[in-house]
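Comments concern the structure below.
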Amino acid sequence: MSAATTRPEEEQQAQTGLFGEGELLEVAAQQPRQEAPRAARVMSAQRDQVELRACDLDSVLADDHAARTVWAFVQSLDLAPLYARIKSVDGRGGAPAIDPAILVALWLWATIDGVGSAREVDRLCERDDAYRWICGGVGVNYHSLADFRTQHEAWLDAQLTRSIAALLDRRLVTLNVVAQDGLRVRASAKASSFRRRDKLAQLHAQAQAQVQALKRELAEDAGASSRRKQAAQERAAREREQRLAAALATMERIKPAAEPKKAKPSKRRGRDHDGDPPAPPAPEPKVPPEPRVSSTDVDARVMKMADGGFRPAFNAQLAVDAATQLIAAVDLVNSGSDMGQMDPLHQAVQQRYGLTPDHWLADGGYTKLAAIDALTERGTQPVLPAARSRNPDINALAPKPSDSPAQAQWRSLMASHWGKDLYVWRGASVECANAQLRRRGFTRLNVCGLVKARAVLLWHALAHNLMRMRSLNFAFMA
C-alpha cells in the first residue's frame, strides 16, 4: 500500500484507540439535557362560578361604620310628619310605601359621601354595602329619591332647629358666640339661559304654539305607545312654557333700571374774547342695560364668585356656633352681596332658640352701620372689621362725630386686642364649616328654584351637624 491510502485509516484507528465508543456514550450521558419550559401553576379567577353565601346585611358593615351613626341620628328625628303624608294605611288598598326613615338616612349618607344625584344613589343601593345596609332589602328608585330630596324643606328646617335645641337643653351648645359666613353656590342654570324681555316674550309665544300643536296631535292619535310618547313631549313643552311665563313674571317684579344720570356740566367755561375754542359739549348720559332673567331658573342671579368670575349662583348663609362648629341656622338668597344678610339671620337665631348670642362674628362684607345698631339694640355685640378708607391716613376704627353709641362701642371693641383675638375665632369656626360643605359637593346645585335649593342646603347642614356630633361624641336623644 502506498502512504496516501494508509494515512486516513491510521488516523481513524488512532482516534478509536484514543476515545472508544463506550467512552463517547458515557461523556454524552454526563452532559445536562435541555428541557422544554413548563407553564407556571397559578390560581386564576373564576368569576362565572356560582356561589351561595349565608350572610346577613348587618354582618357586612363594621360596628363603628359611619352609616350606623346616620341611622341612629335618623331615629332621633321627628318622623311623624313624614309618616302622616303616607296614603297607604292598614285596612285599605294600595302598595306599601318606602319607610321615610330609609329615605332620610339614604340622603344623609349620600350627602356625607358627596353624592348629589338621585340616579347615582339608586345605583349605589345595588352595589355598595353601606347603601344596601340602610335599605335593608327595600327597593328604591331614583324618581322617589329625587322627589323626597326637595319636597320636605319645612320639615328639614324644623329638624335642624330641633337637633340644636336638644343640645342646648343638655348644655352641650351655648350659642354665646355665633359666626356667620356666606358662600356662593353655582346654580343649575347656565349663563346662556339669561335673556331680556323681548327674547323671553318671543320664546314664550313659540312655546305656547308648540303646546297647542302637541295637544291637537295627542287628541287625534289613537295609538297607545305613540300617545304616551306624545304625552311626554307635551308635558315637557308645557313645563318649558311655564318656566318662560315665570321668567316674564319675574322680569316684571325686578326693580326697574334706574334713570340715566344727567351728565354734570363742565367746570370749564368758554372765554368771551375771540380766538379761544368753545367749551366741549356735555357727554350724553349712559343708558343702563335692560335686566335679564334665566329661562331655566328664574330665581338664579349672576354673582361674582370666589375666583373673580361672574356666573349664575345663589348666596348661602351659615350661622355657626363658634365653640362646636355646629350649624344653628341657614338661609339662601339670590342677592350677591352679604351687606344686608347679618340682621335677618340674627333674627332667625333668636326666633328659633329664644336666646340672644353675646357676640356675632362676621367678615368685612357684612359691615353695615344700620345692622350694627340693630344687633346692639337686641343685646348682641357685633364683631366685624370696619370698612377700609381709600385714604391711608384715616383710621377706620377711630371714633367719628356721626357715630351712634352702638357704633362707637363697636369701633372701640375692634381697636382693642381682645376684640381682635375674638375676631380670629371666626376663621376657625364658620370657615371650617364652609370648607366641609364644599368638600361634600356643595359647589353646584342640580335643582332649580330657591325652595329646592334651600332644601339641598338643609340636607348639607344636617349632615354636617351629624358628623360634628359624632366627632364630639354627642349622643343622639330622641
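Identifiers for the C-alpha cells are assigned positionally: chains receive A, B, ... in sequence, residues are indexed from 1 per chain, and ligands are indexed from 1 in the order shown.
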
**Residues within 7 Å of segment 236-240 of chain A, only C-alpha atoms, excluding chain neighbours under 5 positions, as a list in words** =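 The filter keeps Ala207, Gln210 and Val211 of chain A.
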
May I have the residues from that selection written out with N, CA, C and O atoms, as a PDB file, in the first residue's frame?
ATOM      1  N   ALA A 207     -93.365  78.633  22.603  1.00  0.00           N
ATOM      2  CA  ALA A 207     -93.685  77.501  23.472  1.00  0.00           C
ATOM      3  C   ALA A 207     -95.186  77.284  23.564  1.00  0.00           C
ATOM      4  O   ALA A 207     -95.661  76.136  23.570  1.00  0.00           O
ATOM      5  N   GLN A 210     -96.271  75.534  20.446  1.00  0.00           N
ATOM      6  CA  GLN A 210     -95.858  74.137  20.442  1.00  0.00           C
ATOM      7  C   GLN A 210     -96.751  73.296  21.349  1.00  0.00           C
ATOM      8  O   GLN A 210     -97.105  72.160  21.006  1.00  0.00           O
ATOM      9  N   VAL A 211     -97.150  73.837  22.493  1.00  0.00           N
ATOM     10  CA  VAL A 211     -98.033  73.095  23.395  1.00  0.00           C
ATOM     11  C   VAL A 211     -99.385  72.840  22.746  1.00  0.00           C
ATOM     12  O   VAL A 211     -99.938  71.732  22.812  1.00  0.00           O
TER      13      VAL A 211
END

**Message:** Give me the residues near Leu79 of chain A as a ChimeraX atom specification, where near means some atom within 10 Å (using only C-alpha atoms) and where sequence neighbours in that chain fewer than 5 positions away do not count.
**Reply:** /A:74,84,100-101,104,155,159

Neighbours of segment 332-340 of chain A within 7 Å (only C-alpha atoms; same-chain residues fewer than 5 positions away dropped), as a PDB file with C-alpha atoms, in the first residue's frame?
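Below is the file result27.pdb, written as the result:
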ATOM      1  CA  ASP A 299     -84.552  82.639  40.912  1.00  0.00           C
ATOM      2  CA  ALA A 300     -80.886  82.433  39.919  1.00  0.00           C
ATOM      3  CA  ARG A 301     -78.848  85.627  39.656  1.00  0.00           C
ATOM      4  CA  MET A 303     -72.982  86.832  41.055  1.00  0.00           C
ATOM      5  CA  LYS A 304     -69.293  87.367  41.475  1.00  0.00           C
ATOM      6  CA  PHE A 314     -77.183  81.535  44.928  1.00  0.00           C
ATOM      7  CA  ASN A 315     -75.861  83.016  48.167  1.00  0.00           C
ATOM      8  CA  ALA A 316     -75.960  80.538  51.069  1.00  0.00           C
ATOM      9  CA  GLN A 317     -75.682  81.978  54.587  1.00  0.00           C
ATOM     10  CA  GLY A 365     -68.598  92.081  53.739  1.00  0.00           C
ATOM     11  CA  TYR A 366     -71.322  92.350  56.406  1.00  0.00           C
ATOM     12  CA  THR A 367     -70.215  95.702  57.817  1.00  0.00           C
ATOM     13  CA  LYS A 368     -73.262  97.940  57.775  1.00  0.00           C
ATOM     14  CA  ARG A 454     -82.699  75.654  50.234  1.00  0.00           C
TER      15      ARG A 454
END

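Take the candidates A:Val293, A:Arg470, A:Asn176, A:Ser404 and check each one against Ala374 of chain A using only C-alpha atoms; the shortest distance goes to A:Ser404.
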
**Fill in**
In terms of only C-alpha atoms, the residue from A:Leu61, A:Ala158, A:Leu326, A:Ala387 at minimal distance from Leu172 of chain A is A:Leu326

Distance query segment 121-129 of chain A at most 8 Å, only C-alpha atoms, self and fewer than 3 positions along chain excluded, as a PDB file with N, CA, C and O atoms, in the first residue's frame:
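Once everything was written out, this is out-v8.pdb:
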ATOM      1  N   LEU A  57     -77.034  41.354  56.028  1.00  0.00           N
ATOM      2  CA  LEU A  57     -76.537  42.686  55.732  1.00  0.00           C
ATOM      3  C   LEU A  57     -75.846  43.312  56.935  1.00  0.00           C
ATOM      4  O   LEU A  57     -74.913  44.111  56.776  1.00  0.00           O
ATOM      5  N   VAL A  60     -72.000  42.669  57.136  1.00  0.00           N
ATOM      6  CA  VAL A  60     -71.074  43.202  56.142  1.00  0.00           C
ATOM      7  C   VAL A  60     -70.618  44.614  56.491  1.00  0.00           C
ATOM      8  O   VAL A  60     -69.721  45.150  55.826  1.00  0.00           O
ATOM      9  N   LEU A  61     -71.208  45.221  57.520  1.00  0.00           N
ATOM     10  CA  LEU A  61     -70.864  46.587  57.897  1.00  0.00           C
ATOM     11  C   LEU A  61     -70.216  46.571  59.276  1.00  0.00           C
ATOM     12  O   LEU A  61     -70.708  45.925  60.196  1.00  0.00           O
ATOM     13  N   LEU A 106     -80.766  57.559  53.623  1.00  0.00           N
ATOM     14  CA  LEU A 106     -80.058  57.472  52.346  1.00  0.00           C
ATOM     15  C   LEU A 106     -79.523  58.830  51.916  1.00  0.00           C
ATOM     16  O   LEU A 106     -78.367  58.953  51.478  1.00  0.00           O
ATOM     17  N   ALA A 110     -75.718  59.860  51.593  1.00  0.00           N
ATOM     18  CA  ALA A 110     -75.259  60.294  50.274  1.00  0.00           C
ATOM     19  C   ALA A 110     -74.634  61.690  50.347  1.00  0.00           C
ATOM     20  O   ALA A 110     -73.623  61.970  49.677  1.00  0.00           O
ATOM     21  N   VAL A 115     -72.421  62.538  47.264  1.00  0.00           N
ATOM     22  CA  VAL A 115     -73.255  62.148  46.126  1.00  0.00           C
ATOM     23  C   VAL A 115     -74.512  63.007  46.145  1.00  0.00           C
ATOM     24  O   VAL A 115     -75.233  63.040  47.152  1.00  0.00           O
ATOM     25  N   GLY A 116     -74.777  63.708  45.046  1.00  0.00           N
ATOM     26  CA  GLY A 116     -75.953  64.561  44.964  1.00  0.00           C
ATOM     27  C   GLY A 116     -76.922  64.189  43.875  1.00  0.00           C
ATOM     28  O   GLY A 116     -77.906  64.900  43.654  1.00  0.00           O
ATOM     29  N   SER A 117     -76.686  63.078  43.194  1.00  0.00           N
ATOM     30  CA  SER A 117     -77.549  62.633  42.100  1.00  0.00           C
ATOM     31  C   SER A 117     -78.433  61.492  42.574  1.00  0.00           C
ATOM     32  O   SER A 117     -77.955  60.506  43.160  1.00  0.00           O
ATOM     33  N   ALA A 118     -79.730  61.604  42.321  1.00  0.00           N
ATOM     34  CA  ALA A 118     -80.656  60.540  42.709  1.00  0.00           C
ATOM     35  C   ALA A 118     -80.393  59.265  41.915  1.00  0.00           C
ATOM     36  O   ALA A 118     -80.526  58.154  42.455  1.00  0.00           O
ATOM     37  N   ARG A 132     -76.744  49.511  50.812  1.00  0.00           N
ATOM     38  CA  ARG A 132     -77.567  48.306  50.915  1.00  0.00           C
ATOM     39  C   ARG A 132     -77.979  48.062  52.363  1.00  0.00           C
ATOM     40  O   ARG A 132     -79.098  47.623  52.638  1.00  0.00           O
ATOM     41  N   TRP A 133     -77.084  48.356  53.293  1.00  0.00           N
ATOM     42  CA  TRP A 133     -77.419  48.170  54.709  1.00  0.00           C
ATOM     43  C   TRP A 133     -78.525  49.134  55.135  1.00  0.00           C
ATOM     44  O   TRP A 133     -79.430  48.763  55.899  1.00  0.00           O
ATOM     45  N   CYS A 135     -80.833  50.444  53.173  1.00  0.00           N
ATOM     46  CA  CYS A 135     -82.093  49.996  52.546  1.00  0.00           C
ATOM     47  C   CYS A 135     -82.667  48.763  53.240  1.00  0.00           C
ATOM     48  O   CYS A 135     -83.894  48.638  53.368  1.00  0.00           O
ATOM     49  N   VAL A 140     -85.611  50.875  46.165  1.00  0.00           N
ATOM     50  CA  VAL A 140     -85.870  52.297  45.944  1.00  0.00           C
ATOM     51  C   VAL A 140     -85.611  52.604  44.471  1.00  0.00           C
ATOM     52  O   VAL A 140     -84.952  51.845  43.764  1.00  0.00           O
ATOM     53  N   ASN A 141     -86.144  53.714  44.015  1.00  0.00           N
ATOM     54  CA  ASN A 141     -85.921  54.151  42.642  1.00  0.00           C
ATOM     55  C   ASN A 141     -85.537  55.621  42.659  1.00  0.00           C
ATOM     56  O   ASN A 141     -85.823  56.354  43.614  1.00  0.00           O
ATOM     57  N   TYR A 142     -84.893  56.044  41.580  1.00  0.00           N
ATOM     58  CA  TYR A 142     -84.341  57.394  41.551  1.00  0.00           C
ATOM     59  C   TYR A 142     -85.434  58.463  41.564  1.00  0.00           C
ATOM     60  O   TYR A 142     -85.223  59.564  42.076  1.00  0.00           O
ATOM     61  N   LEU A 145     -86.470  59.028  45.117  1.00  0.00           N
ATOM     62  CA  LEU A 145     -85.373  59.690  45.817  1.00  0.00           C
ATOM     63  C   LEU A 145     -85.301  61.172  45.460  1.00  0.00           C
ATOM     64  O   LEU A 145     -85.113  62.027  46.331  1.00  0.00           O
TER      65      LEU A 145
END

List the spatial neighbours of Val298 of chain A as a PDB file with C-alpha atoms, in the first residue's frame - criterion: any atom at most 7 Å away, only C-alpha atoms, same-chain residues fewer than 4 positions off excluded.
ATOM      1  CA  ALA A 246     -92.436  82.598  35.254  1.00  0.00           C
ATOM      2  CA  ALA A 247     -89.382  84.313  33.772  1.00  0.00           C
ATOM      3  CA  THR A 250     -90.016  87.730  37.380  1.00  0.00           C
ATOM      4  CA  VAL A 293     -83.744  86.634  33.628  1.00  0.00           C
ATOM      5  CA  SER A 294     -82.899  82.955  33.207  1.00  0.00           C
TER       6      SER A 294
END

**Item:** DSSP strand (DSSP E or B) residues within segment 297-377 of chain A, as a PyMOL selection string
**Value:** chain A and resi 301-304+310-321+327-333+359-361

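Separating atom CA of Gly137 of chain A from atom CA of Asp99 of chain A is a distance of 11.7 Å.
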
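Atom CA of Gln206 of chain A lies 20.9 Å from atom CA of Lys190 of chain A.
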
Spatial neighbours of Trp425 of chain A, 12 Å, only C-alpha atoms, chain gap at least 2 places, as an mmCIF file with all heavy atoms, in the first residue's frame:
data_model
loop_
_atom_site.group_PDB
_atom_site.id
_atom_site.type_symbol
_atom_site.label_atom_id
_atom_site.label_comp_id
_atom_site.auth_asym_id
_atom_site.auth_seq_id
_atom_site.Cartn_x
_atom_site.Cartn_y
_atom_site.Cartn_z
ATOM 1 N N VAL A 177 -71.314 82.652 71.271
ATOM 2 C CA VAL A 177 -70.569 83.285 70.183
ATOM 3 C C VAL A 177 -70.986 82.586 68.887
ATOM 4 O O VAL A 177 -70.804 81.370 68.741
ATOM 5 C CB VAL A 177 -69.047 83.179 70.394
ATOM 6 C CG1 VAL A 177 -68.314 83.861 69.245
ATOM 7 C CG2 VAL A 177 -68.652 83.791 71.721
ATOM 8 N N VAL A 178 -71.565 83.334 67.979
ATOM 9 C CA VAL A 178 -72.038 82.805 66.696
ATOM 10 C C VAL A 178 -71.261 83.498 65.583
ATOM 11 O O VAL A 178 -71.080 84.720 65.609
ATOM 12 C CB VAL A 178 -73.554 83.023 66.518
ATOM 13 C CG1 VAL A 178 -74.015 82.542 65.147
ATOM 14 C CG2 VAL A 178 -74.323 82.296 67.619
ATOM 15 N N ALA A 179 -70.811 82.713 64.625
ATOM 16 C CA ALA A 179 -70.082 83.232 63.469
ATOM 17 C C ALA A 179 -70.912 83.032 62.214
ATOM 18 O O ALA A 179 -71.543 81.979 62.038
ATOM 19 C CB ALA A 179 -68.728 82.540 63.320
ATOM 20 N N GLN A 180 -70.915 84.027 61.353
ATOM 21 C CA GLN A 180 -71.693 83.979 60.115
ATOM 22 C C GLN A 180 -70.764 84.106 58.912
ATOM 23 O O GLN A 180 -69.783 84.855 58.934
ATOM 24 C CB GLN A 180 -72.732 85.112 60.083
ATOM 25 C CG GLN A 180 -73.592 85.126 58.816
ATOM 26 C CD GLN A 180 -74.638 86.216 58.831
ATOM 27 O OE1 GLN A 180 -74.784 86.936 59.820
ATOM 28 N NE2 GLN A 180 -75.373 86.357 57.738
ATOM 29 N N VAL A 320 -73.009 79.657 62.608
ATOM 30 C CA VAL A 320 -72.336 78.520 63.228
ATOM 31 C C VAL A 320 -71.982 78.856 64.662
ATOM 32 O O VAL A 320 -71.510 79.969 64.957
ATOM 33 C CB VAL A 320 -71.057 78.150 62.431
ATOM 34 C CG1 VAL A 320 -70.293 77.025 63.108
ATOM 35 C CG2 VAL A 320 -71.424 77.756 61.008
ATOM 36 N N ASP A 321 -72.215 77.900 65.559
ATOM 37 C CA ASP A 321 -71.759 78.041 66.933
ATOM 38 C C ASP A 321 -70.236 77.941 66.950
ATOM 39 O O ASP A 321 -69.656 76.930 66.530
ATOM 40 C CB ASP A 321 -72.376 76.956 67.806
ATOM 41 C CG ASP A 321 -71.899 77.034 69.244
ATOM 42 O OD1 ASP A 321 -72.119 78.064 69.886
ATOM 43 O OD2 ASP A 321 -71.283 76.054 69.709
ATOM 44 N N ALA A 322 -69.574 78.990 67.411
ATOM 45 C CA ALA A 322 -68.116 79.048 67.311
ATOM 46 C C ALA A 322 -67.431 77.995 68.157
ATOM 47 O O ALA A 322 -66.332 77.544 67.825
ATOM 48 C CB ALA A 322 -67.626 80.442 67.712
ATOM 49 N N ALA A 323 -68.035 77.564 69.253
ATOM 50 C CA ALA A 323 -67.386 76.605 70.148
ATOM 51 C C ALA A 323 -67.408 75.191 69.592
ATOM 52 O O ALA A 323 -66.450 74.431 69.771
ATOM 53 C CB ALA A 323 -68.047 76.636 71.521
ATOM 54 N N THR A 324 -68.478 74.796 68.903
ATOM 55 C CA THR A 324 -68.630 73.416 68.433
ATOM 56 C C THR A 324 -68.636 73.274 66.917
ATOM 57 O O THR A 324 -68.625 72.152 66.413
ATOM 58 C CB THR A 324 -69.942 72.825 68.974
ATOM 59 O OG1 THR A 324 -71.048 73.632 68.524
ATOM 60 C CG2 THR A 324 -69.930 72.802 70.500
ATOM 61 N N GLN A 325 -68.682 74.374 66.179
ATOM 62 C CA GLN A 325 -68.764 74.372 64.720
ATOM 63 C C GLN A 325 -70.053 73.718 64.213
ATOM 64 O O GLN A 325 -70.111 73.214 63.096
ATOM 65 C CB GLN A 325 -67.554 73.675 64.101
ATOM 66 C CG GLN A 325 -66.229 74.344 64.394
ATOM 67 C CD GLN A 325 -65.061 73.644 63.741
ATOM 68 O OE1 GLN A 325 -65.239 72.851 62.834
ATOM 69 N NE2 GLN A 325 -63.856 73.934 64.211
ATOM 70 N N HIS A 359 -72.030 87.543 71.266
ATOM 71 C CA HIS A 359 -71.190 88.123 70.218
ATOM 72 C C HIS A 359 -71.556 87.488 68.875
ATOM 73 O O HIS A 359 -71.876 86.292 68.805
ATOM 74 C CB HIS A 359 -69.701 87.897 70.505
ATOM 75 C CG HIS A 359 -69.228 88.575 71.764
ATOM 76 N ND1 HIS A 359 -69.295 87.977 73.002
ATOM 77 C CD2 HIS A 359 -68.690 89.812 71.964
ATOM 78 C CE1 HIS A 359 -68.824 88.801 73.917
ATOM 79 N NE2 HIS A 359 -68.447 89.926 73.314
ATOM 80 N N TRP A 360 -71.476 88.301 67.847
ATOM 81 C CA TRP A 360 -71.784 87.849 66.481
ATOM 82 C C TRP A 360 -70.587 88.203 65.589
ATOM 83 O O TRP A 360 -70.280 89.367 65.383
ATOM 84 C CB TRP A 360 -73.053 88.536 65.975
ATOM 85 C CG TRP A 360 -73.619 87.926 64.733
ATOM 86 C CD1 TRP A 360 -73.263 88.191 63.443
ATOM 87 C CD2 TRP A 360 -74.649 86.929 64.666
ATOM 88 N NE1 TRP A 360 -73.997 87.434 62.573
ATOM 89 C CE2 TRP A 360 -74.858 86.649 63.287
ATOM 90 C CE3 TRP A 360 -75.414 86.270 65.612
ATOM 91 C CZ2 TRP A 360 -75.814 85.725 62.857
ATOM 92 C CZ3 TRP A 360 -76.354 85.340 65.185
ATOM 93 C CH2 TRP A 360 -76.550 85.077 63.823
ATOM 94 N N LEU A 361 -69.925 87.170 65.065
ATOM 95 C CA LEU A 361 -68.720 87.348 64.270
ATOM 96 C C LEU A 361 -69.060 87.284 62.778
ATOM 97 O O LEU A 361 -69.827 86.407 62.357
ATOM 98 C CB LEU A 361 -67.689 86.273 64.602
ATOM 99 C CG LEU A 361 -67.429 85.972 66.084
ATOM 100 C CD1 LEU A 361 -66.367 84.907 66.237
ATOM 101 C CD2 LEU A 361 -67.028 87.231 66.812
ATOM 102 N N ALA A 362 -68.494 88.185 62.005
ATOM 103 C CA ALA A 362 -68.699 88.204 60.555
ATOM 104 C C ALA A 362 -67.525 88.929 59.920
ATOM 105 O O ALA A 362 -66.786 89.678 60.583
ATOM 106 C CB ALA A 362 -70.023 88.880 60.189
ATOM 107 N N ASP A 363 -67.352 88.727 58.615
ATOM 108 C CA ASP A 363 -66.238 89.375 57.924
ATOM 109 C C ASP A 363 -66.653 90.773 57.463
ATOM 110 O O ASP A 363 -67.763 91.246 57.720
ATOM 111 C CB ASP A 363 -65.761 88.524 56.748
ATOM 112 C CG ASP A 363 -66.868 88.232 55.746
ATOM 113 O OD1 ASP A 363 -67.830 89.023 55.673
ATOM 114 O OD2 ASP A 363 -66.786 87.218 55.032
ATOM 115 N N VAL A 383 -68.990 91.749 66.048
ATOM 116 C CA VAL A 383 -67.529 91.691 65.965
ATOM 117 C C VAL A 383 -67.182 91.501 64.501
ATOM 118 O O VAL A 383 -67.182 90.381 63.979
ATOM 119 C CB VAL A 383 -66.959 90.551 66.830
ATOM 120 C CG1 VAL A 383 -65.437 90.537 66.762
ATOM 121 C CG2 VAL A 383 -67.431 90.670 68.265
ATOM 122 N N LEU A 384 -66.899 92.604 63.834
ATOM 123 C CA LEU A 384 -66.566 92.568 62.417
ATOM 124 C C LEU A 384 -65.703 93.776 62.084
ATOM 125 O O LEU A 384 -65.809 94.823 62.728
ATOM 126 C CB LEU A 384 -67.819 92.537 61.545
ATOM 127 C CG LEU A 384 -68.806 93.694 61.586
ATOM 128 C CD1 LEU A 384 -69.743 93.601 60.391
ATOM 129 C CD2 LEU A 384 -69.652 93.708 62.844
ATOM 130 N N TRP A 418 -58.434 92.452 72.685
ATOM 131 C CA TRP A 418 -59.411 91.392 72.949
ATOM 132 C C TRP A 418 -60.377 91.229 71.783
ATOM 133 O O TRP A 418 -60.736 90.108 71.412
ATOM 134 C CB TRP A 418 -60.174 91.737 74.219
ATOM 135 C CG TRP A 418 -61.126 90.645 74.635
ATOM 136 C CD1 TRP A 418 -60.807 89.494 75.278
ATOM 137 C CD2 TRP A 418 -62.540 90.609 74.413
ATOM 138 N NE1 TRP A 418 -61.930 88.730 75.472
ATOM 139 C CE2 TRP A 418 -63.013 89.394 74.945
ATOM 140 C CE3 TRP A 418 -63.441 91.483 73.824
ATOM 141 C CZ2 TRP A 418 -64.346 89.042 74.910
ATOM 142 C CZ3 TRP A 418 -64.780 91.130 73.780
ATOM 143 C CH2 TRP A 418 -65.226 89.924 74.319
ATOM 144 N N GLY A 419 -60.799 92.339 71.188
ATOM 145 C CA GLY A 419 -61.685 92.258 70.037
ATOM 146 C C GLY A 419 -61.020 91.614 68.838
ATOM 147 O O GLY A 419 -61.642 90.832 68.105
ATOM 148 N N LYS A 420 -59.733 91.903 68.643
ATOM 149 C CA LYS A 420 -59.016 91.286 67.525
ATOM 150 C C LYS A 420 -58.842 89.789 67.747
ATOM 151 O O LYS A 420 -58.964 88.993 66.804
ATOM 152 C CB LYS A 420 -57.667 91.972 67.340
ATOM 153 C CG LYS A 420 -57.776 93.429 66.914
ATOM 154 C CD LYS A 420 -56.409 94.079 66.812
ATOM 155 C CE LYS A 420 -56.543 95.554 66.414
ATOM 156 N NZ LYS A 420 -55.222 96.224 66.346
ATOM 157 N N ASP A 421 -58.540 89.400 68.971
ATOM 158 C CA ASP A 421 -58.412 87.959 69.266
ATOM 159 C C ASP A 421 -59.747 87.242 69.114
ATOM 160 O O ASP A 421 -59.797 86.088 68.664
ATOM 161 C CB ASP A 421 -57.873 87.770 70.685
ATOM 162 C CG ASP A 421 -56.446 88.278 70.840
ATOM 163 O OD1 ASP A 421 -55.755 88.417 69.804
ATOM 164 O OD2 ASP A 421 -56.040 88.570 71.982
ATOM 165 N N LEU A 422 -60.831 87.897 69.485
ATOM 166 C CA LEU A 422 -62.156 87.282 69.329
ATOM 167 C C LEU A 422 -62.524 87.130 67.859
ATOM 168 O O LEU A 422 -63.144 86.132 67.466
ATOM 169 C CB LEU A 422 -63.199 88.127 70.060
ATOM 170 C CG LEU A 422 -64.639 87.595 70.086
ATOM 171 C CD1 LEU A 422 -64.697 86.242 70.768
ATOM 172 C CD2 LEU A 422 -65.562 88.593 70.774
ATOM 173 N N TYR A 423 -62.126 88.098 67.045
ATOM 174 C CA TYR A 423 -62.452 88.021 65.622
ATOM 175 C C TYR A 423 -61.708 86.878 64.921
ATOM 176 O O TYR A 423 -62.214 86.305 63.957
ATOM 177 C CB TYR A 423 -62.110 89.344 64.940
ATOM 178 C CG TYR A 423 -62.386 89.352 63.460
ATOM 179 C CD1 TYR A 423 -63.687 89.386 62.973
ATOM 180 C CD2 TYR A 423 -61.351 89.292 62.539
ATOM 181 C CE1 TYR A 423 -63.955 89.368 61.615
ATOM 182 C CE2 TYR A 423 -61.603 89.286 61.179
ATOM 183 C CZ TYR A 423 -62.900 89.322 60.724
ATOM 184 O OH TYR A 423 -63.150 89.303 59.380
ATOM 185 N N GLY A 427 -62.586 82.668 61.718
ATOM 186 C CA GLY A 427 -61.994 81.813 60.697
ATOM 187 C C GLY A 427 -61.855 80.370 61.124
ATOM 188 O O GLY A 427 -61.900 79.458 60.296
ATOM 189 N N ALA A 428 -61.697 80.135 62.431
ATOM 190 C CA ALA A 428 -61.532 78.769 62.932
ATOM 191 C C ALA A 428 -62.855 78.057 63.146
ATOM 192 O O ALA A 428 -62.853 76.892 63.566
ATOM 193 C CB ALA A 428 -60.742 78.801 64.239
ATOM 194 N N SER A 429 -63.969 78.704 62.908
ATOM 195 C CA SER A 429 -65.273 78.083 63.153
ATOM 196 C C SER A 429 -66.110 78.010 61.878
ATOM 197 O O SER A 429 -66.286 76.938 61.280
ATOM 198 C CB SER A 429 -66.022 78.850 64.240
ATOM 199 O OG SER A 429 -66.128 80.225 63.885
ATOM 200 N N VAL A 430 -66.596 79.145 61.424
ATOM 201 C CA VAL A 430 -67.510 79.121 60.290
ATOM 202 C C VAL A 430 -66.775 78.813 58.990
ATOM 203 O O VAL A 430 -67.351 78.209 58.070
ATOM 204 C CB VAL A 430 -68.265 80.460 60.201
ATOM 205 C CG1 VAL A 430 -67.347 81.601 59.801
ATOM 206 C CG2 VAL A 430 -69.436 80.354 59.236
ATOM 207 N N GLU A 431 -65.506 79.195 58.883
ATOM 208 C CA GLU A 431 -64.770 78.860 57.666
ATOM 209 C C GLU A 431 -64.566 77.352 57.536
ATOM 210 O O GLU A 431 -64.546 76.811 56.435
ATOM 211 C CB GLU A 431 -63.425 79.584 57.651
ATOM 212 C CG GLU A 431 -63.518 81.098 57.510
ATOM 213 C CD GLU A 431 -63.951 81.517 56.116
ATOM 214 O OE1 GLU A 431 -64.003 80.654 55.230
ATOM 215 O OE2 GLU A 431 -64.248 82.706 55.928
ATOM 216 N N CYS A 432 -64.417 76.675 58.677
ATOM 217 C CA CYS A 432 -64.288 75.209 58.636
ATOM 218 C C CYS A 432 -65.590 74.558 58.163
ATOM 219 O O CYS A 432 -65.572 73.617 57.356
ATOM 220 C CB CYS A 432 -63.897 74.688 60.010
ATOM 221 S SG CYS A 432 -62.222 75.134 60.515
#
